[in-house]
Amino acid sequence: MSILRVLEGRSVAVPESARERVLGCGDPDTLEVWFDRALSVESAEELFADVDR
């Protein structure tokens, strides 16, 4: 999954819960938003910031 590769390539720690959430997501629009965020976030949890509120 590209999102995880980007995070790992940027040395952003990816906890198992975040990995599972990304891999379990089937919504292309959500995955696109998460990919864009993966380019700049400081933590994997930031991918889901507005979703978890």
# chains A, B, ... in the order shown; residues from 1 in each chain; ligands from 1
>>> residues_around(residues="Glu16 of chain A", least_positions_apart="5", cutoff="12 Å", atoms="only C-alpha atoms", output="PDB file with C-alpha atoms, in the first residue's frame")
ATOM      1  CA  LEU A   4       2.381   2.888   4.264  1.00  0.00           C
ATOM      2  CA  ARG A  21      -6.835   0.682   9.394  1.00  0.00           C
ATOM      3  CA  VAL A  22      -5.147   1.703   6.142  1.00  0.00           C
ATOM      4  CA  LEU A  23      -5.103  -1.843   4.768  1.00  0.00           C
ATOM      5  CA  GLY A  24      -8.741  -2.372   5.760  1.00  0.00           C
ATOM      6  CA  ALA A  44       0.571   8.036  11.403  1.00  0.00           C
ATOM      7  CA  GLU A  45      -2.304   9.009  13.678  1.00  0.00           C
TER       8      GLU A  45
END
>>> residues_around(residues="Glu20 of chain A", least_positions_apart="5", cutoff="12 Å", atoms="only C-alpha atoms", output="list in words")
Met1, Ile3, Leu4, Val14, Pro15, Cys25, Gly26 and Ala44 of chain A
>>> write_last_selection(atoms="N, CA and C atoms", output="tab-separated table (two decimals), in the first residue's frame")
chain	number	residue	atom	x	y	z
A	1	MET	N	0.85	-1.18	0.00
A	1	MET	CA	0.00	0.00	0.00
A	1	MET	C	0.90	1.24	0.00
A	3	ILE	N	0.42	4.33	0.84
A	3	ILE	CA	0.38	5.19	2.03
A	3	ILE	C	1.42	4.72	3.04
A	4	LEU	N	1.44	3.43	3.29
A	4	LEU	CA	2.38	2.89	4.26
A	4	LEU	C	3.82	3.03	3.78
A	14	VAL	N	4.74	3.61	12.16
A	14	VAL	CA	3.38	3.18	11.81
A	14	VAL	C	2.98	2.06	12.76
A	15	PRO	N	2.17	2.38	13.77
A	15	PRO	CA	1.71	1.34	14.69
A	15	PRO	C	0.81	0.33	13.96
A	25	CYS	N	-9.18	-0.25	4.68
A	25	CYS	CA	-10.02	0.77	4.07
A	25	CYS	C	-10.28	0.44	2.60
A	26	GLY	N	-11.53	0.46	2.22
A	26	GLY	CA	-11.90	0.17	0.84
A	26	GLY	C	-12.44	1.36	0.09
A	44	ALA	N	1.58	8.77	12.16
A	44	ALA	CA	0.57	8.04	11.40
A	44	ALA	C	-0.84	8.39	11.87
>>> atom_distance(atom1="atom CA of Ser17 of chain A", atom2="atom CA of Trp34 of chain A")
14.9 Å
>>> select_by_dssp(residues="chain A", states="helix (DSSP H, G or I)", output="ChimeraX atom specification")
/A:2-9,16-24,28-38,44-48
>>> residues_around(residues="segment 6-8 of chain A", least_positions_apart="5", cutoff="7 Å", atoms="only C-alpha atoms", output="list in words")
Ala13, Ala38 and Leu39 of chain A
>>> atom_distance(atom1="atom CA of Thr30 of chain A", atom2="atom CA of Glu46 of chain A")
13.5 Å
>>> closest_residue(among="A:Ala18, A:Asp50, A:Asp29, A:Phe35", to="Ser2 of chain A", atoms="only C-alpha atoms")
A:Phe35
>>> atom_distance(atom1="atom CA of Val33 of chain A", atom2="atom CA of Arg10 of chain A")
17.4 Å
